[in-house]
>>> print(open('my_file-v8.txt').read())   # compact mmCIF, C-alpha atoms
# COMPACT_ATOMS: atom_id res chain seq x y z
CA ALA V 909 0.36 2.56 -3.84
CA GLY V 910 3.19 3.96 -1.70
CA LEU V 911 3.05 7.46 -3.13
CA ALA V 912 -0.75 7.50 -3.05
CA GLY V 913 -0.70 6.50 0.62
CA THR V 914 1.85 9.19 1.41
CA VAL V 915 -0.26 11.80 -0.35
CA ASP V 916 -3.37 10.59 1.50
CA VAL V 917 -1.63 11.01 4.86
CA ALA V 918 -0.22 14.43 3.91
CA LEU V 919 -3.71 15.61 3.00
CA GLU V 920 -5.39 14.06 6.06
CA GLN V 921 -2.81 15.55 8.42
CA ALA V 922 -2.71 18.90 6.58
CA VAL V 923 1.10 18.91 6.69
CA ASP V 924 2.87 22.13 5.77
CA LEU V 925 5.50 20.61 3.49
CA VAL V 926 6.15 17.28 1.74
CA LEU V 927 9.73 16.05 1.25
CA ILE V 928 10.55 13.21 -1.14
CA ALA V 929 14.09 12.07 -0.36
CA GLY V 930 14.82 10.32 -3.65
CA ASP V 931 13.75 7.11 -5.39
CA LEU V 932 10.39 8.50 -6.45
CA PHE V 933 10.92 6.08 -9.34
CA ASP V 934 12.48 2.60 -9.08
CA HIS V 935 14.69 3.19 -12.11
CA SER V 936 15.12 5.52 -15.07
CA ARG V 937 13.39 3.19 -17.53
CA VAL V 938 9.91 3.72 -16.07
CA GLY V 939 7.18 3.95 -18.65
CA PRO V 940 4.76 6.77 -19.33
CA GLU V 941 2.08 5.12 -17.15
CA ALA V 942 4.27 5.26 -14.03
CA VAL V 943 5.19 8.86 -14.77
CA ALA V 944 1.52 9.80 -15.26
CA LEU V 945 0.56 8.11 -11.98
CA ALA V 946 3.30 9.96 -10.06
CA LEU V 947 2.30 13.30 -11.59
CA ALA V 948 -1.36 12.64 -10.75
CA GLN V 949 -0.49 11.98 -7.10
CA LEU V 950 1.73 15.07 -6.82
CA THR V 951 -1.07 17.12 -8.40
CA ARG V 952 -3.40 16.13 -5.54
CA LEU V 953 -1.21 17.99 -3.06
CA GLU V 954 -1.68 21.68 -2.37
CA GLN V 955 1.23 22.15 -0.01
CA PRO V 956 4.81 22.64 -1.23
CA VAL V 957 6.66 19.49 -2.29
CA VAL V 958 10.44 19.15 -2.67
CA VAL V 959 11.76 16.15 -4.61
CA ILE V 960 15.36 15.00 -5.05
CA PRO V 961 16.78 12.13 -7.11
CA GLY V 962 17.98 9.03 -5.28
CA ASN V 963 20.25 6.22 -6.35
CA HIS V 964 17.41 4.47 -8.25
CA ASP V 965 16.44 7.59 -10.22
CA GLN V 966 19.72 9.51 -10.15
CA ILE V 967 20.50 12.43 -12.43
CA ASP V 968 22.76 10.85 -15.01
CA GLU V 969 22.61 10.76 -18.80
CA ARG V 970 19.72 8.24 -18.71
CA SER V 971 17.72 9.92 -15.96
CA VAL V 972 13.95 9.76 -16.01
CA TYR V 973 14.05 13.43 -15.01
CA HIS V 974 15.38 14.36 -18.47
CA ARG V 975 12.08 13.05 -19.89
CA ILE V 976 9.64 14.58 -17.45
CA ASP V 977 9.01 17.86 -15.71
CA LEU V 978 7.63 17.35 -12.21
CA GLY V 979 6.46 20.96 -12.38
CA GLN V 980 3.65 19.67 -14.59
CA ALA V 981 2.04 18.61 -11.31
CA GLY V 982 1.86 22.28 -10.32
CA ASP V 983 3.93 25.21 -9.13
CA HIS V 984 3.94 23.72 -5.63
CA VAL V 985 6.35 20.95 -6.77
CA VAL V 986 10.07 21.79 -6.71
CA PHE V 987 12.61 19.37 -8.15
CA VAL V 988 16.22 19.86 -7.03
CA GLY V 989 18.52 18.07 -9.43
CA GLU V 990 21.65 20.20 -9.24
CA PRO V 991 24.62 17.97 -8.31
CA GLU V 992 25.86 20.50 -5.74
CA GLY V 993 22.44 20.90 -4.14
CA ARG V 994 20.30 23.97 -3.71
CA ARG V 995 18.43 25.84 -1.00
CA VAL V 996 14.69 26.34 -1.42
CA LEU V 997 13.09 28.98 0.79
CA PHE V 998 9.48 28.84 1.90
CA ASP V 999 9.17 32.29 3.42
CA HIS V 1000 5.51 31.85 4.39
CA LEU V 1001 6.57 28.87 6.53
CA ARG V 1002 9.94 30.35 7.59
CA VAL V 1003 11.49 27.08 6.39
CA ALA V 1004 14.69 26.70 4.38
CA VAL V 1005 15.20 23.32 2.71
CA TRP V 1006 18.71 22.56 1.49
CA ALA V 1007 18.29 19.66 -0.90
CA ARG V 1008 20.87 17.50 -2.65
CA GLY V 1009 20.15 14.28 -4.49
CA ILE V 1010 22.36 11.87 -6.35
CA GLU V 1011 24.00 12.42 -9.69
CA ASP V 1012 26.45 9.55 -9.39
CA HIS V 1013 26.04 6.98 -6.60
CA ASN V 1014 29.68 6.16 -5.82
CA PRO V 1015 31.98 5.99 -2.77
CA GLY V 1016 33.26 9.52 -3.42
CA HIS V 1017 29.80 11.12 -3.33
CA ARG V 1018 29.22 12.95 -0.04
CA PRO V 1019 25.51 13.86 0.22
CA LEU V 1020 25.98 16.53 2.92
CA ALA V 1021 28.89 18.33 1.23
CA GLY V 1022 28.08 21.95 0.49
CA TYR V 1023 25.36 22.46 3.09
CA GLU V 1024 25.15 25.92 4.62
CA PRO V 1025 22.31 27.01 6.93
CA ALA V 1026 19.98 29.79 5.90
CA GLY V 1027 19.94 33.11 7.68
CA PRO V 1028 18.36 33.72 11.07
CA GLY V 1029 14.66 33.19 11.48
CA TYR V 1030 14.42 30.03 9.37
CA TRP V 1031 13.85 26.47 10.40
CA ASN V 1032 16.68 24.69 8.55
CA VAL V 1033 15.89 21.34 6.93
CA VAL V 1034 18.36 19.16 5.04
CA LEU V 1035 16.94 16.77 2.44
CA THR V 1036 19.36 14.20 1.04
CA HIS V 1037 19.83 10.56 0.06
CA GLY V 1038 22.58 8.22 1.18
CA HIS V 1039 23.94 5.47 3.38
CA TYR V 1040 24.25 6.20 7.12
CA VAL V 1041 27.52 5.16 8.78
CA PRO V 1042 27.66 5.14 12.61
CA ALA V 1043 30.66 6.70 14.36
CA GLY V 1044 33.66 4.37 14.40
CA ALA V 1045 32.29 2.09 11.68
CA ALA V 1046 34.32 1.52 8.54
CA SER V 1047 32.44 1.59 5.26
CA ASP V 1048 33.25 1.63 1.58
CA ARG V 1049 29.58 2.13 0.64
CA SER V 1050 28.50 4.76 -1.85
CA SER V 1051 26.96 8.08 -0.81
CA ARG V 1052 28.02 7.83 2.83
CA ILE V 1053 26.52 10.03 5.54
CA GLY V 1054 28.53 9.84 8.74
CA GLU V 1055 27.09 10.14 12.22
CA GLN V 1056 29.60 12.93 12.98
CA GLU V 1057 28.55 14.79 9.82
CA ILE V 1058 24.93 14.81 10.98
CA GLY V 1059 25.87 15.94 14.47
CA SER V 1060 27.92 18.86 13.15
CA LEU V 1061 25.18 20.27 10.92
CA GLU V 1062 23.65 23.57 11.89
CA CYS V 1063 20.11 22.50 11.12
CA ASP V 1064 16.88 21.52 12.80
CA TYR V 1065 16.00 18.40 10.84
CA VAL V 1066 17.56 15.99 8.33
CA ALA V 1067 15.19 14.06 6.05
CA LEU V 1068 17.01 11.04 4.62
CA GLY V 1069 16.29 8.66 1.80
CA HIS V 1070 17.96 5.41 0.75
CA TRP V 1071 17.05 2.96 3.49
CA HIS V 1072 13.56 1.58 3.01
CA HIS V 1073 12.58 1.45 6.66
CA PHE V 1074 12.10 3.95 9.46
CA LEU V 1075 15.29 4.71 11.34
CA ASP V 1076 16.17 7.46 13.81
CA VAL V 1077 19.79 8.51 13.25
CA SER V 1078 19.56 11.72 15.27
CA THR V 1079 22.84 12.91 16.68
CA GLY V 1080 23.22 15.50 19.42
CA ALA V 1081 20.71 18.29 18.86
CA VAL V 1082 20.12 17.37 15.20
CA ARG V 1083 17.00 15.31 14.47
CA ALA V 1084 17.61 12.97 11.51
CA TYR V 1085 15.37 10.22 10.18
CA TYR V 1086 14.87 7.79 7.36
CA SER V 1087 11.11 7.79 6.83
>>> encode(input="my_file-v8.txt", output="structure tokens")
Amino acid sequence: AGLAGTVDVALEQAVDLVLIAGDLFDHSRVGPEAVALALAQLTRLEQPVVVIPGNHDQIDERSVYHRIDLGQAGDHVVFVGEPEGRRVLFDHLRVAVWARGIEDHNPGHRPLAGYEPAGPGYWNVVLTHGHYVPAGAASDRSSRIGEQEIGSLECDYVALGHWHHFLDVSTGAVRAYYS
């Protein structure tokens, strides 16, 4: 129901781009019915979609993404599963999405490591999944994203996944949100 509702809103609002910041699936043991339902919803979209793995559907040896190809939903769906992340350019929108999901959800994983902004003329978006840590707070949580890290990014927007409620963690000039 959650994905269907998201797709409904994206279609109603005629958004330019859909970002799925991980945890498309609750775990890697999902059955073929859940996979078919997700593919059917992604197929309904016409606009570009970027999907990354989260901590529930991470890219490890058991990953659901070894069994399915999200591209079956159409060429508009891009899955970024590389552990180091990857930039996806949407030239017609002048948007560059740097996306990095989770291969191994552990305290050493730094979701923003490796980000570089695209060249001039692009709206730079970061898509990642992790645990936000405010400035001055100590944390031994896995996949930490520090407030200072967000504030130092040369980007226009950070789309975050991991927390299952809306939260504005914008810092300085960088807009950053959990949806």
>>> residues_around(input="my_file-v8.txt", residues="region 969-983 of chain V", least_positions_apart="5", cutoff="12 Å", atoms="all atoms listed in the file", output="PyMOL selection string")
chain V and resi 930-940+942-964+988-990+1010-1012
>>> closest_residue(input="my_file-v8.txt", among="V:Gly1038, V:Pro1028, V:Gly1016, V:Pro991", to="Gly1054 (chain V)", atoms="all atoms listed in the file")
V:Gly1038
>>> atom_distance(input="my_file-v8.txt", atom1="CA of Leu919 (chain V)", atom2="CA of Trp1071 (chain V)")
24.3 Å
>>> closest_residue(input="my_file-v8.txt", among="V:Leu927, V:Ile1053, V:Val1066, V:Ala918", to="His1017 (chain V)", atoms="only C-alpha atoms")
V:Ile1053
>>> closest_residue(input="my_file-v8.txt", among="V:His1013, V:His1039, V:Arg1052, V:Arg1008", to="Arg994 (chain V)", atoms="only C-alpha atoms")
V:Arg1008
>>> residues_around(input="my_file-v8.txt", residues="Val1005 (chain V)", least_positions_apart="3", cutoff="6 Å", atoms="all atoms listed in the file", output="list of chain:residue names")
V:Arg995, V:Val996, V:Val1033, V:Val1034
>>> write_last_selection(input="my_file-v8.txt", atoms="C-alpha atoms", output="PDB file, in the frame of the given file")
ATOM      1  CA  ARG V 995      18.430  25.840  -1.000  1.00  0.00           C
ATOM      2  CA  VAL V 996      14.690  26.340  -1.420  1.00  0.00           C
ATOM      3  CA  VAL V1033      15.890  21.340   6.930  1.00  0.00           C
ATOM      4  CA  VAL V1034      18.360  19.160   5.040  1.00  0.00           C
TER       5      VAL V1034
END
>>> atom_distance(input="my_file-v8.txt", atom1="CA of His1037 (chain V)", atom2="CA of Leu997 (chain V)")
19.6 Å
>>> residues_near_point(input="my_file-v8.txt", point="(27.6, 16.1, 1.1)", cutoff="9 Å", atoms="all atoms listed in the file", output="list in words")
Glu992, Gly993, Arg1008, His1017, Arg1018, Pro1019, Leu1020, Ala1021, Gly1022, Tyr1023, Thr1036, Ser1051, Arg1052, Ile1053 and Glu1057 of chain V
>>> closest_residue(input="my_file-v8.txt", among="V:Tyr1040, V:Phe987, V:Tyr1065, V:Tyr1030", to="His1000 (chain V)", atoms="only C-alpha atoms")
V:Tyr1030
>>> closest_residue(input="my_file-v8.txt", among="V:Glu1055, V:Ser1047, V:Leu1061, V:Leu925", to="Phe998 (chain V)", atoms="all atoms listed in the file")
V:Leu925
>>> atom_distance(input="my_file-v8.txt", atom1="CA of Ser1050 (chain V)", atom2="CA of His1070 (chain V)")
10.9 Å
>>> residues_around(input="my_file-v8.txt", residues="Val1077 (chain V)", least_positions_apart="2", cutoff="8 Å", atoms="all atoms listed in the file", output="list in words")
Tyr1040, Glu1055, Leu1075, Thr1079, Arg1083, Ala1084, Tyr1085 and Tyr1086 of chain V
>>> write_last_selection(input="my_file-v8.txt", atoms="C-alpha atoms", output="PDB file, in the coordinates of the input")
ATOM      1  CA  TYR V1040      24.250   6.200   7.120  1.00  0.00           C
ATOM      2  CA  GLU V1055      27.090  10.140  12.220  1.00  0.00           C
ATOM      3  CA  LEU V1075      15.290   4.710  11.340  1.00  0.00           C
ATOM      4  CA  THR V1079      22.840  12.910  16.680  1.00  0.00           C
ATOM      5  CA  ARG V1083      17.000  15.310  14.470  1.00  0.00           C
ATOM      6  CA  ALA V1084      17.610  12.970  11.510  1.00  0.00           C
ATOM      7  CA  TYR V1085      15.370  10.220  10.180  1.00  0.00           C
ATOM      8  CA  TYR V1086      14.870   7.790   7.360  1.00  0.00           C
TER       9      TYR V1086
END
>>> decode(input="my_file-v8.txt", residues="region 1013-1048 of chain V", atoms="N, CA and C atoms", output="mmCIF file, in the first residue's frame")
data_model
loop_
_atom_site.group_PDB
_atom_site.id
_atom_site.type_symbol
_atom_site.label_atom_id
_atom_site.label_comp_id
_atom_site.auth_asym_id
_atom_site.auth_seq_id
_atom_site.Cartn_x
_atom_site.Cartn_y
_atom_site.Cartn_z
ATOM 1 N N HIS V 1013 25.479 -2.828 6.553
ATOM 2 C CA HIS V 1013 25.023 -1.857 7.559
ATOM 3 C C HIS V 1013 25.826 -2.073 8.843
ATOM 4 N N ASN V 1014 26.902 -1.300 8.993
ATOM 5 C CA ASN V 1014 27.773 -1.441 10.162
ATOM 6 C C ASN V 1014 28.283 -0.068 10.573
ATOM 7 N N PRO V 1015 28.878 0.052 11.762
ATOM 8 C CA PRO V 1015 29.344 1.364 12.233
ATOM 9 C C PRO V 1015 30.413 2.007 11.347
ATOM 10 N N GLY V 1016 31.126 1.228 10.563
ATOM 11 C CA GLY V 1016 32.153 1.791 9.689
ATOM 12 C C GLY V 1016 31.620 2.314 8.367
ATOM 13 N N HIS V 1017 30.385 1.979 8.023
ATOM 14 C CA HIS V 1017 29.808 2.430 6.751
ATOM 15 C C HIS V 1017 29.463 3.912 6.840
ATOM 16 N N ARG V 1018 29.987 4.689 5.919
ATOM 17 C CA ARG V 1018 29.720 6.135 5.860
ATOM 18 C C ARG V 1018 28.959 6.429 4.564
ATOM 19 N N PRO V 1019 27.649 6.595 4.624
ATOM 20 C CA PRO V 1019 26.826 6.737 3.429
ATOM 21 C C PRO V 1019 27.200 7.887 2.492
ATOM 22 N N LEU V 1020 27.786 8.962 3.013
ATOM 23 C CA LEU V 1020 28.115 10.109 2.155
ATOM 24 C C LEU V 1020 29.532 10.061 1.605
ATOM 25 N N ALA V 1021 30.314 9.079 2.012
ATOM 26 C CA ALA V 1021 31.705 8.980 1.544
ATOM 27 C C ALA V 1021 31.731 8.768 0.030
ATOM 28 N N GLY V 1022 32.553 9.536 -0.639
ATOM 29 C CA GLY V 1022 32.724 9.397 -2.077
ATOM 30 C C GLY V 1022 31.917 10.361 -2.912
ATOM 31 N N TYR V 1023 31.045 11.142 -2.282
ATOM 32 C CA TYR V 1023 30.229 12.082 -3.062
ATOM 33 C C TYR V 1023 31.088 13.177 -3.666
ATOM 34 N N GLU V 1024 30.837 13.452 -4.923
ATOM 35 C CA GLU V 1024 31.416 14.591 -5.638
ATOM 36 C C GLU V 1024 30.288 15.225 -6.449
ATOM 37 N N PRO V 1025 30.179 16.543 -6.441
ATOM 38 C CA PRO V 1025 29.120 17.184 -7.232
ATOM 39 C C PRO V 1025 29.386 17.049 -8.727
ATOM 40 N N ALA V 1026 28.323 17.120 -9.492
ATOM 41 C CA ALA V 1026 28.443 17.096 -10.951
ATOM 42 C C ALA V 1026 28.951 18.458 -11.423
ATOM 43 N N GLY V 1027 29.209 18.553 -12.692
ATOM 44 C CA GLY V 1027 29.690 19.805 -13.260
ATOM 45 C C GLY V 1027 28.660 20.908 -13.194
ATOM 46 N N PRO V 1028 29.057 22.101 -13.611
ATOM 47 C CA PRO V 1028 28.156 23.253 -13.567
ATOM 48 C C PRO V 1028 26.901 23.015 -14.417
ATOM 49 N N GLY V 1029 25.831 23.649 -13.982
ATOM 50 C CA GLY V 1029 24.592 23.565 -14.738
ATOM 51 C C GLY V 1029 23.658 22.460 -14.286
ATOM 52 N N TYR V 1030 24.068 21.673 -13.304
ATOM 53 C CA TYR V 1030 23.216 20.598 -12.791
ATOM 54 C C TYR V 1030 22.703 20.929 -11.403
ATOM 55 N N TRP V 1031 21.515 20.490 -11.125
ATOM 56 C CA TRP V 1031 20.977 20.514 -9.783
ATOM 57 C C TRP V 1031 21.464 19.230 -9.153
ATOM 58 N N ASN V 1032 22.268 19.316 -8.102
ATOM 59 C CA ASN V 1032 22.898 18.151 -7.481
ATOM 60 C C ASN V 1032 22.045 17.602 -6.350
ATOM 61 N N VAL V 1033 21.698 16.320 -6.480
ATOM 62 C CA VAL V 1033 20.888 15.611 -5.492
ATOM 63 C C VAL V 1033 21.713 14.438 -4.970
ATOM 64 N N VAL V 1034 21.688 14.250 -3.656
ATOM 65 C CA VAL V 1034 22.312 13.091 -3.023
ATOM 66 C C VAL V 1034 21.184 12.200 -2.518
ATOM 67 N N LEU V 1035 21.272 10.912 -2.839
ATOM 68 C CA LEU V 1035 20.293 9.920 -2.408
ATOM 69 C C LEU V 1035 21.041 8.853 -1.614
ATOM 70 N N THR V 1036 20.742 8.745 -0.324
ATOM 71 C CA THR V 1036 21.441 7.757 0.494
ATOM 72 C C THR V 1036 20.567 7.289 1.651
ATOM 73 N N HIS V 1037 21.119 6.386 2.440
ATOM 74 C CA HIS V 1037 20.341 5.714 3.491
ATOM 75 C C HIS V 1037 21.226 5.600 4.729
ATOM 76 N N GLY V 1038 20.769 6.122 5.842
ATOM 77 C CA GLY V 1038 21.567 6.013 7.050
ATOM 78 C C GLY V 1038 20.956 6.734 8.236
ATOM 79 N N HIS V 1039 21.697 6.714 9.323
ATOM 80 C CA HIS V 1039 21.252 7.239 10.609
ATOM 81 C C HIS V 1039 21.832 8.638 10.844
ATOM 82 N N TYR V 1040 20.974 9.645 10.948
ATOM 83 C CA TYR V 1040 21.391 11.026 11.176
ATOM 84 C C TYR V 1040 21.892 11.208 12.608
ATOM 85 N N VAL V 1041 23.029 11.911 12.726
ATOM 86 C CA VAL V 1041 23.603 12.212 14.041
ATOM 87 C C VAL V 1041 23.802 13.724 14.127
ATOM 88 N N PRO V 1042 23.083 14.402 15.034
ATOM 89 C CA PRO V 1042 23.250 15.857 15.191
ATOM 90 C C PRO V 1042 24.661 16.220 15.650
ATOM 91 N N ALA V 1043 25.059 17.443 15.359
ATOM 92 C CA ALA V 1043 26.382 17.933 15.776
ATOM 93 C C ALA V 1043 26.531 17.802 17.286
ATOM 94 N N GLY V 1044 27.676 17.325 17.719
ATOM 95 C CA GLY V 1044 27.975 17.199 19.138
ATOM 96 C C GLY V 1044 27.443 15.945 19.801
ATOM 97 N N ALA V 1045 26.636 15.165 19.085
ATOM 98 C CA ALA V 1045 26.072 13.944 19.661
ATOM 99 C C ALA V 1045 27.005 12.769 19.397
ATOM 100 N N ALA V 1046 27.209 11.954 20.381
ATOM 101 C CA ALA V 1046 27.998 10.738 20.213
ATOM 102 C C ALA V 1046 27.071 9.624 19.734
ATOM 103 N N SER V 1047 27.590 8.778 18.860
ATOM 104 C CA SER V 1047 26.774 7.677 18.363
ATOM 105 C C SER V 1047 27.667 6.547 17.893
ATOM 106 N N ASP V 1048 27.268 5.339 18.214
ATOM 107 C CA ASP V 1048 27.963 4.166 17.695
ATOM 108 C C ASP V 1048 27.054 3.417 16.724
#
